[in-house]
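Asker: Hey, dropping protein37.cif in here, mmCIF, C-alpha atoms:
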```cif
data_my_file
loop_
_atom_site.group_PDB
_atom_site.id
_atom_site.type_symbol
_atom_site.label_atom_id
_atom_site.label_comp_id
_atom_site.auth_asym_id
_atom_site.auth_seq_id
_atom_site.Cartn_x
_atom_site.Cartn_y
_atom_site.Cartn_z
ATOM 1 C CA MET M 4 0.000 0.000 0.000
ATOM 2 C CA GLY M 5 1.365 3.423 -0.937
ATOM 3 C CA ALA M 6 1.219 5.332 2.334
ATOM 4 C CA VAL M 7 -0.161 8.867 2.100
ATOM 5 C CA ILE M 8 2.591 11.372 2.894
ATOM 6 C CA THR M 9 1.736 13.803 5.691
ATOM 7 C CA LYS M 10 3.528 16.569 7.571
ATOM 8 C CA PHE M 11 2.787 19.143 10.264
ATOM 9 C CA PHE M 12 1.460 22.610 9.422
ATOM 10 C CA GLU M 13 4.503 24.864 9.745
ATOM 11 C CA TYR M 14 4.356 27.701 12.264
ATOM 12 C CA GLY M 15 6.457 28.893 15.151
ATOM 13 C CA GLN M 16 6.904 31.264 18.054
ATOM 14 C CA ALA M 17 6.404 34.391 15.928
ATOM 15 C CA GLU M 18 2.805 33.413 15.082
ATOM 16 C CA ILE M 19 2.087 32.351 18.682
ATOM 17 C CA ASP M 20 3.499 35.626 20.067
ATOM 18 C CA TYR M 21 1.525 37.709 17.569
ATOM 19 C CA LEU M 22 -1.788 36.025 18.368
ATOM 20 C CA GLY M 23 -1.117 36.366 22.095
ATOM 21 C CA SER M 24 -0.442 40.101 21.660
ATOM 22 C CA VAL M 25 -3.679 40.811 19.757
ATOM 23 C CA ASP M 26 -5.858 38.414 21.782
ATOM 24 C CA PRO M 27 -4.734 37.783 25.391
ATOM 25 C CA VAL M 28 -7.552 35.249 25.964
ATOM 26 C CA LEU M 29 -6.366 33.130 23.039
ATOM 27 C CA GLY M 30 -2.756 33.762 24.099
ATOM 28 C CA ALA M 31 -3.421 32.370 27.592
ATOM 29 C CA ALA M 32 -5.068 29.268 26.103
ATOM 30 C CA MET M 33 -2.124 28.747 23.734
ATOM 31 C CA ALA M 34 0.363 29.082 26.583
ATOM 32 C CA ARG M 35 -1.578 26.508 28.611
ATOM 33 C CA MET M 36 -1.833 24.061 25.695
ATOM 34 C CA GLY M 37 1.695 24.336 24.339
ATOM 35 C CA LYS M 38 2.367 23.829 20.641
ATOM 36 C CA VAL M 39 -0.528 22.070 18.894
ATOM 37 C CA GLU M 40 0.490 20.070 15.828
ATOM 38 C CA ARG M 41 -1.843 19.899 12.823
ATOM 39 C CA VAL M 42 -1.281 17.005 10.413
ATOM 40 C CA ILE M 43 -1.714 18.039 6.783
ATOM 41 C CA ILE M 44 -1.486 16.293 3.401
ATOM 42 C CA PRO M 45 0.803 18.287 1.074
ATOM 43 C CA ASP M 46 -0.278 16.524 -2.150
ATOM 44 C CA LEU M 47 -3.141 18.467 -3.748
ATOM 45 C CA PHE M 48 -5.089 15.535 -5.159
ATOM 46 C CA THR M 49 -4.796 13.296 -2.107
ATOM 47 C CA ALA M 50 -5.780 16.210 0.140
ATOM 48 C CA LEU M 51 -8.783 16.992 -2.062
ATOM 49 C CA ILE M 52 -10.101 13.432 -1.894
ATOM 50 C CA TYR M 53 -9.509 13.360 1.864
ATOM 51 C CA ALA M 54 -11.390 16.667 2.206
ATOM 52 C CA ILE M 55 -14.374 15.202 0.315
ATOM 53 C CA VAL M 56 -14.362 12.109 2.550
ATOM 54 C CA GLY M 57 -13.983 14.493 5.515
ATOM 55 C CA GLN M 58 -17.347 16.101 4.747
ATOM 56 C CA LEU M 59 -18.791 13.267 6.858
ATOM 57 C CA ILE M 60 -19.711 14.361 10.377
ATOM 58 C CA SER M 61 -18.070 11.479 12.258
ATOM 59 C CA VAL M 62 -14.271 11.608 12.585
ATOM 60 C CA LYS M 63 -14.281 7.851 13.197
ATOM 61 C CA ALA M 64 -16.214 7.207 9.955
ATOM 62 C CA VAL M 65 -13.768 9.368 7.997
ATOM 63 C CA ARG M 66 -10.788 7.403 9.372
ATOM 64 C CA THR M 67 -12.429 4.059 8.577
ATOM 65 C CA ILE M 68 -13.266 5.023 4.978
ATOM 66 C CA TRP M 69 -9.832 6.589 4.403
ATOM 67 C CA THR M 70 -8.072 3.437 5.652
ATOM 68 C CA ARG M 71 -10.237 1.272 3.369
ATOM 69 C CA MET M 72 -9.539 3.497 0.359
ATOM 70 C CA GLN M 73 -5.784 3.266 0.869
ATOM 71 C CA ALA M 74 -6.012 -0.513 1.246
ATOM 72 C CA GLN M 75 -8.211 -0.955 -1.831
ATOM 73 C CA PHE M 76 -6.655 1.512 -4.275
ATOM 74 C CA GLU M 77 -3.044 1.408 -3.051
ATOM 75 C CA GLU M 78 -2.218 4.910 -4.251
ATOM 76 C CA ILE M 79 -4.689 7.800 -4.072
ATOM 77 C CA THR M 80 -3.964 9.274 -7.520
ATOM 78 C CA PRO M 81 -6.314 10.642 -10.222
ATOM 79 C CA GLN M 82 -5.352 7.849 -12.618
ATOM 80 C CA GLN M 83 -5.916 5.154 -9.995
ATOM 81 C CA LEU M 84 -9.335 6.378 -8.857
ATOM 82 C CA ALA M 85 -10.511 7.238 -12.386
ATOM 83 C CA LYS M 86 -10.041 3.659 -13.562
ATOM 84 C CA HIS M 87 -12.273 2.301 -10.758
ATOM 85 C CA THR M 88 -16.043 2.611 -10.856
ATOM 86 C CA ALA M 89 -18.125 4.738 -8.508
ATOM 87 C CA ASP M 90 -19.532 1.437 -7.163
ATOM 88 C CA GLU M 91 -16.049 0.290 -6.183
ATOM 89 C CA ILE M 92 -15.328 3.629 -4.518
ATOM 90 C CA GLN M 93 -18.651 3.492 -2.696
ATOM 91 C CA GLY M 94 -17.673 0.042 -1.427
ATOM 92 C CA CYS M 95 -15.245 1.769 0.961
ATOM 93 C CA GLY M 96 -18.253 2.921 2.984
ATOM 94 C CA MET M 97 -19.372 6.303 1.665
ATOM 95 C CA THR M 98 -22.603 7.360 -0.061
ATOM 96 C CA MET M 99 -23.016 6.800 -3.784
ATOM 97 C CA LYS M 100 -23.336 10.557 -4.301
ATOM 98 C CA LYS M 101 -19.907 11.124 -2.730
ATOM 99 C CA ALA M 102 -18.400 8.189 -4.633
ATOM 100 C CA VAL M 103 -19.654 9.631 -7.951
ATOM 101 C CA CYS M 104 -18.141 13.029 -7.067
ATOM 102 C CA ILE M 105 -14.773 11.431 -6.280
ATOM 103 C CA HIS M 106 -14.837 9.392 -9.489
ATOM 104 C CA ASP M 107 -15.850 12.359 -11.670
ATOM 105 C CA ILE M 108 -13.233 14.700 -10.135
ATOM 106 C CA SER M 109 -10.538 12.016 -10.506
ATOM 107 C CA LYS M 110 -11.411 11.621 -14.188
ATOM 108 C CA LEU M 111 -11.391 15.377 -14.842
ATOM 109 C CA ILE M 112 -7.929 15.693 -13.295
ATOM 110 C CA ALA M 113 -6.562 12.507 -14.906
ATOM 111 C CA ASP M 114 -7.749 13.779 -18.322
ATOM 112 C CA GLY M 115 -6.091 17.157 -17.723
ATOM 113 C CA GLU M 116 -9.389 19.071 -17.825
ATOM 114 C CA PHE M 117 -8.845 20.445 -14.304
ATOM 115 C CA LYS M 118 -5.266 21.390 -13.434
ATOM 116 C CA LEU M 119 -4.802 21.265 -9.670
ATOM 117 C CA GLU M 120 -1.250 22.628 -9.794
ATOM 118 C CA GLU M 121 -2.578 25.960 -11.078
ATOM 119 C CA LEU M 122 -4.043 26.541 -7.607
ATOM 120 C CA TYR M 123 -0.587 27.363 -6.260
ATOM 121 C CA GLY M 124 -0.515 30.615 -8.229
ATOM 122 C CA LEU M 125 -3.933 31.817 -7.037
ATOM 123 C CA SER M 126 -5.081 33.887 -4.055
ATOM 124 C CA ASP M 127 -7.120 32.220 -1.302
ATOM 125 C CA GLN M 128 -10.364 33.559 -2.767
ATOM 126 C CA GLU M 129 -9.436 32.422 -6.286
ATOM 127 C CA VAL M 130 -8.549 28.924 -5.000
ATOM 128 C CA ILE M 131 -11.977 28.713 -3.336
ATOM 129 C CA GLN M 132 -13.753 29.872 -6.513
ATOM 130 C CA ARG M 133 -11.829 27.423 -8.707
ATOM 131 C CA LEU M 134 -12.415 24.442 -6.417
ATOM 132 C CA MET M 135 -16.110 25.234 -6.001
ATOM 133 C CA LYS M 136 -16.559 24.692 -9.744
ATOM 134 C CA LEU M 137 -16.024 20.999 -9.058
ATOM 135 C CA LYS M 138 -19.163 18.995 -8.270
ATOM 136 C CA GLY M 139 -19.374 18.211 -4.564
ATOM 137 C CA ILE M 140 -16.937 20.919 -3.434
ATOM 138 C CA GLY M 141 -18.372 23.713 -1.322
ATOM 139 C CA MET M 142 -16.844 26.616 0.573
ATOM 140 C CA TRP M 143 -15.883 24.583 3.655
ATOM 141 C CA THR M 144 -14.097 21.864 1.651
ATOM 142 C CA ALA M 145 -12.176 24.508 -0.315
ATOM 143 C CA GLU M 146 -11.171 26.295 2.901
ATOM 144 C CA MET M 147 -9.967 23.002 4.393
ATOM 145 C CA MET M 148 -7.757 22.574 1.315
ATOM 146 C CA LEU M 149 -6.229 25.998 1.983
ATOM 147 C CA ILE M 150 -5.242 24.999 5.532
ATOM 148 C CA ASN M 151 -4.830 21.226 5.445
ATOM 149 C CA CYS M 152 -2.879 21.034 2.187
ATOM 150 C CA MET M 153 -1.632 24.403 0.943
ATOM 151 C CA GLU M 154 -0.692 25.778 4.401
ATOM 152 C CA ARG M 155 -2.180 29.174 3.617
ATOM 153 C CA PRO M 156 -1.593 31.342 6.714
ATOM 154 C CA ASP M 157 -4.855 33.227 7.209
ATOM 155 C CA VAL M 158 -7.907 30.950 7.039
ATOM 156 C CA VAL M 159 -10.665 30.853 9.690
ATOM 157 C CA SER M 160 -13.733 29.010 8.391
ATOM 158 C CA TRP M 161 -17.225 30.129 9.428
ATOM 159 C CA GLY M 162 -18.517 26.886 7.894
ATOM 160 C CA ASP M 163 -16.484 24.763 10.314
ATOM 161 C CA ILE M 164 -18.667 23.795 13.280
ATOM 162 C CA ALA M 165 -15.661 22.863 15.445
ATOM 163 C CA ILE M 166 -13.990 26.251 14.907
ATOM 164 C CA ARG M 167 -17.201 28.045 15.913
ATOM 165 C CA ARG M 168 -17.563 25.759 18.938
ATOM 166 C CA GLY M 169 -13.932 26.453 19.884
ATOM 167 C CA MET M 170 -14.546 30.211 19.733
ATOM 168 C CA MET M 171 -17.635 29.918 21.907
ATOM 169 C CA LYS M 172 -15.757 27.830 24.490
ATOM 170 C CA LEU M 173 -12.732 30.130 24.473
ATOM 171 C CA TYR M 174 -14.696 33.332 25.006
ATOM 172 C CA GLY M 175 -17.507 31.846 27.121
ATOM 173 C CA LEU M 176 -20.257 32.569 24.571
ATOM 174 C CA ASP M 177 -23.659 30.884 24.435
ATOM 175 C CA THR M 178 -24.155 31.914 20.811
ATOM 176 C CA LEU M 179 -21.895 33.235 18.067
ATOM 177 C CA THR M 180 -23.110 35.603 15.370
ATOM 178 C CA LYS M 181 -21.433 35.992 11.981
ATOM 179 C CA LYS M 182 -20.535 39.558 12.987
ATOM 180 C CA GLN M 183 -18.763 38.399 16.168
ATOM 181 C CA PHE M 184 -16.992 35.682 14.203
ATOM 182 C CA GLU M 185 -15.742 38.236 11.654
ATOM 183 C CA GLN M 186 -14.407 40.464 14.442
ATOM 184 C CA TYR M 187 -12.350 37.589 15.827
ATOM 185 C CA ARG M 188 -11.231 36.490 12.360
ATOM 186 C CA LEU M 189 -9.965 39.992 11.555
ATOM 187 C CA ARG M 190 -8.228 40.196 14.936
ATOM 188 C CA TYR M 191 -6.291 36.985 14.219
ATOM 189 C CA SER M 192 -5.180 38.118 10.753
ATOM 190 C CA PRO M 193 -2.636 37.523 9.209
ATOM 191 C CA HIS M 194 -2.202 34.325 11.280
ATOM 192 C CA GLY M 195 -5.775 33.042 11.230
ATOM 193 C CA SER M 196 -4.786 29.489 10.305
ATOM 194 C CA VAL M 197 -2.751 29.075 13.500
ATOM 195 C CA ALA M 198 -5.724 30.453 15.476
ATOM 196 C CA SER M 199 -7.889 27.845 13.696
ATOM 197 C CA ILE M 200 -5.516 25.048 14.749
ATOM 198 C CA TYR M 201 -5.924 26.075 18.399
ATOM 199 C CA LEU M 202 -9.688 26.616 18.106
ATOM 200 C CA TRP M 203 -10.063 23.077 16.744
ATOM 201 C CA GLU M 204 -8.132 21.727 19.706
ATOM 202 C CA ILE M 205 -10.159 23.812 22.199
ATOM 203 C CA SER M 206 -13.456 22.612 20.682
ATOM 204 C CA PHE M 207 -12.603 18.977 21.451
ATOM 205 C CA GLN M 208 -11.402 19.570 25.037
#
```
What would you get if you wrote out this structure as structure tokens?

Answerer:
Amino acid sequence: MGAVITKFFEYGQAEIDYLGSVDPVLGAAMARMGKVERVIIPDLFTALIYAIVGQLISVKAVRTIWTRMQAQFEEITPQQLAKHTADEIQGCGMTMKKAVCIHDISKLIADGEFKLEELYGLSDQEVIQRLMKLKGIGMWTAEMMLINCMERPDVVSWGDIAIRRGMMKLYGLDTLTKKQFEQYRLRYSPHGSVASIYLWEISFQ
């Protein structure tokens, strides 16, 4: 089985110090927690397929399906997934709708009709717009690609339930409006992705 290559999202003391200076509440939480590592998948295609699988609510279900896919298809490449049917992909435990999306996207990329490598030259907003042209890719999935693959530095996703839950826990809020969220997001900038990494961790504590 070709193991999927992963690494940690790269950040250091400069980002931690900056966030602590603009948001002492977050800074205190970061100091208490120490450095939180975020595993990412640097390969664009593999990360995209993982992000689609990750649209499932249950973390356990995502892990199970991802393990099955690696066992069944050996390598997670466009060519490999394009030559298998949607039925075979669905056999790993996902819905048929998701399996069809994965198959169709794999075929588009394998045929050269969608060039993933062009994403590197685009702004965050352009990456989101380009990815959302693919069937089955919404705003949240595109934003996860920005953090969990491309290591873009300033992404805080309103569409991510865990990030919103982390904010509410951190600041002791019963509810969180879009306006409040935007105020925090702007405060974290330009290191929003590191804030997101900590908010994820806080949400699961």

Asker: Report as lines of an AutoDock Vina configuration file the centre and the edge lengths, in Å to one decimal, of the axis-aligned box holding every listed atom of segment 170-189 of chain M, padded by 5 Å on each side.

Answerer:
```
center_x = -17.1
center_y = 34.1
center_z = 19.3
size_x = 24.2
size_y = 22.6
size_z = 25.6
```

Asker: Counting all atoms listed in the file, which residue out of M:Ile205, M:Ala31, M:Ile140, M:Ile79 sits closest to Gly169 of chain M?

Answerer: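 Of M:Ile205, M:Ala31, M:Ile140, M:Ile79, the one nearest Gly169 of chain M is M:Ile205, counting all atoms listed in the file.
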
Asker: Taking the file above as input, evaluate the PyMOL selection byres ((chain M and resi 90-103) around 8) and report the hits as a PDB file with C-alpha atoms, keeping the file's coordinate frame.

Answerer:
```
ATOM      1  CA  ILE M  55     -14.374  15.202   0.315  1.00  0.00           C
ATOM      2  CA  VAL M  56     -14.362  12.109   2.550  1.00  0.00           C
ATOM      3  CA  ILE M  68     -13.266   5.023   4.978  1.00  0.00           C
ATOM      4  CA  ARG M  71     -10.237   1.272   3.369  1.00  0.00           C
ATOM      5  CA  MET M  72      -9.539   3.497   0.359  1.00  0.00           C
ATOM      6  CA  LEU M  84      -9.335   6.378  -8.857  1.00  0.00           C
ATOM      7  CA  HIS M  87     -12.273   2.301 -10.758  1.00  0.00           C
ATOM      8  CA  THR M  88     -16.043   2.611 -10.856  1.00  0.00           C
ATOM      9  CA  ALA M  89     -18.125   4.738  -8.508  1.00  0.00           C
ATOM     10  CA  CYS M 104     -18.141  13.029  -7.067  1.00  0.00           C
ATOM     11  CA  ILE M 105     -14.773  11.431  -6.280  1.00  0.00           C
ATOM     12  CA  HIS M 106     -14.837   9.392  -9.489  1.00  0.00           C
ATOM     13  CA  ASP M 107     -15.850  12.359 -11.670  1.00  0.00           C
ATOM     14  CA  GLY M 139     -19.374  18.211  -4.564  1.00  0.00           C
TER      15      GLY M 139
END
```

Asker: Write out as JSON, numbers by chain which residues come within 8 Å of segment 122-129 of chain M when counting all atoms listed in the file, dropping same-chain ones fewer than 5 positions away.

Answerer: {"M": [149, 153, 155]}

Asker: So the first atom is atom CA of Leu51 of chain M and the second is atom CA of Ile19 of chain M; what is the distance between them in Å, to one decimal place?

Answerer: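 For atom CA of Leu51 of chain M relative to atom CA of Ile19 of chain M, the distance reads 28.0 Å.
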
Asker: Can you tell me how far atom CA of His194 of chain M sits from atom CA of Leu22 of chain M, in Å to one decimal?

Answerer: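 Those two atoms sit 7.3 Å apart.
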
Asker: From the set M:Ala74, M:Ile8, M:Leu202, M:Met33, which residue has the shortest atom-to-atom contact distance to Lys172 of chain M, counting only C-alpha atoms?

Answerer: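 Checking each candidate against Lys172 of chain M, we get M:Leu202 as the closest.
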
Asker: Select, from M:Val130, M:Val42, M:Leu189, M:Leu137, the residue with the minimum atom-to-atom distance to Phe117 of chain M, counting all atoms listed in the file.

Answerer: M:Leu137

Asker: May I have the residues within 10 Å of Trp143 of chain M as an MDAnalysis selection string, using all atoms listed in the file and disregarding those fewer than 4 positions away in the same chain?

Answerer: chainID M and resid 54 58 131 135 147:149 160:163

Asker: May I ask you to restore N, CA and C atoms in segment 27-40 of chain M and write the result as a short mmCIF file (atom, residue, chain, number, x, y, z; two decimals), in the coordinates of the input?

Answerer:
```cif
data_model
loop_
_atom_site.label_atom_id
_atom_site.label_comp_id
_atom_site.auth_asym_id
_atom_site.auth_seq_id
_atom_site.Cartn_x
_atom_site.Cartn_y
_atom_site.Cartn_z
N PRO M 27 -5.28 38.39 24.17
CA PRO M 27 -4.73 37.78 25.39
C PRO M 27 -5.48 36.52 25.85
N VAL M 28 -6.78 36.45 25.57
CA VAL M 28 -7.55 35.25 25.96
C VAL M 28 -7.05 34.03 25.18
N LEU M 29 -6.92 34.21 23.88
CA LEU M 29 -6.37 33.13 23.04
C LEU M 29 -4.92 32.85 23.44
N GLY M 30 -4.16 33.91 23.70
CA GLY M 30 -2.76 33.76 24.10
C GLY M 30 -2.61 32.92 25.35
N ALA M 31 -3.48 33.15 26.35
CA ALA M 31 -3.42 32.37 27.59
C ALA M 31 -3.73 30.90 27.33
N ALA M 32 -4.72 30.65 26.45
CA ALA M 32 -5.07 29.27 26.10
C ALA M 32 -3.91 28.58 25.38
N MET M 33 -3.25 29.32 24.48
CA MET M 33 -2.12 28.75 23.73
C MET M 33 -0.96 28.42 24.67
N ALA M 34 -0.72 29.31 25.63
CA ALA M 34 0.36 29.08 26.58
C ALA M 34 0.08 27.83 27.42
N ARG M 35 -1.17 27.66 27.81
CA ARG M 35 -1.58 26.51 28.61
C ARG M 35 -1.45 25.21 27.82
N MET M 36 -1.78 25.27 26.52
CA MET M 36 -1.83 24.06 25.70
C MET M 36 -0.48 23.66 25.11
N GLY M 37 0.44 24.63 25.02
CA GLY M 37 1.70 24.34 24.34
C GLY M 37 1.48 24.27 22.84
N LYS M 38 2.50 23.85 22.11
CA LYS M 38 2.37 23.83 20.64
C LYS M 38 1.43 22.70 20.21
N VAL M 39 0.43 23.06 19.43
CA VAL M 39 -0.53 22.07 18.89
C VAL M 39 -0.12 21.75 17.46
N GLU M 40 0.09 20.48 17.18
CA GLU M 40 0.49 20.07 15.83
C GLU M 40 -0.75 19.74 14.99
#
```
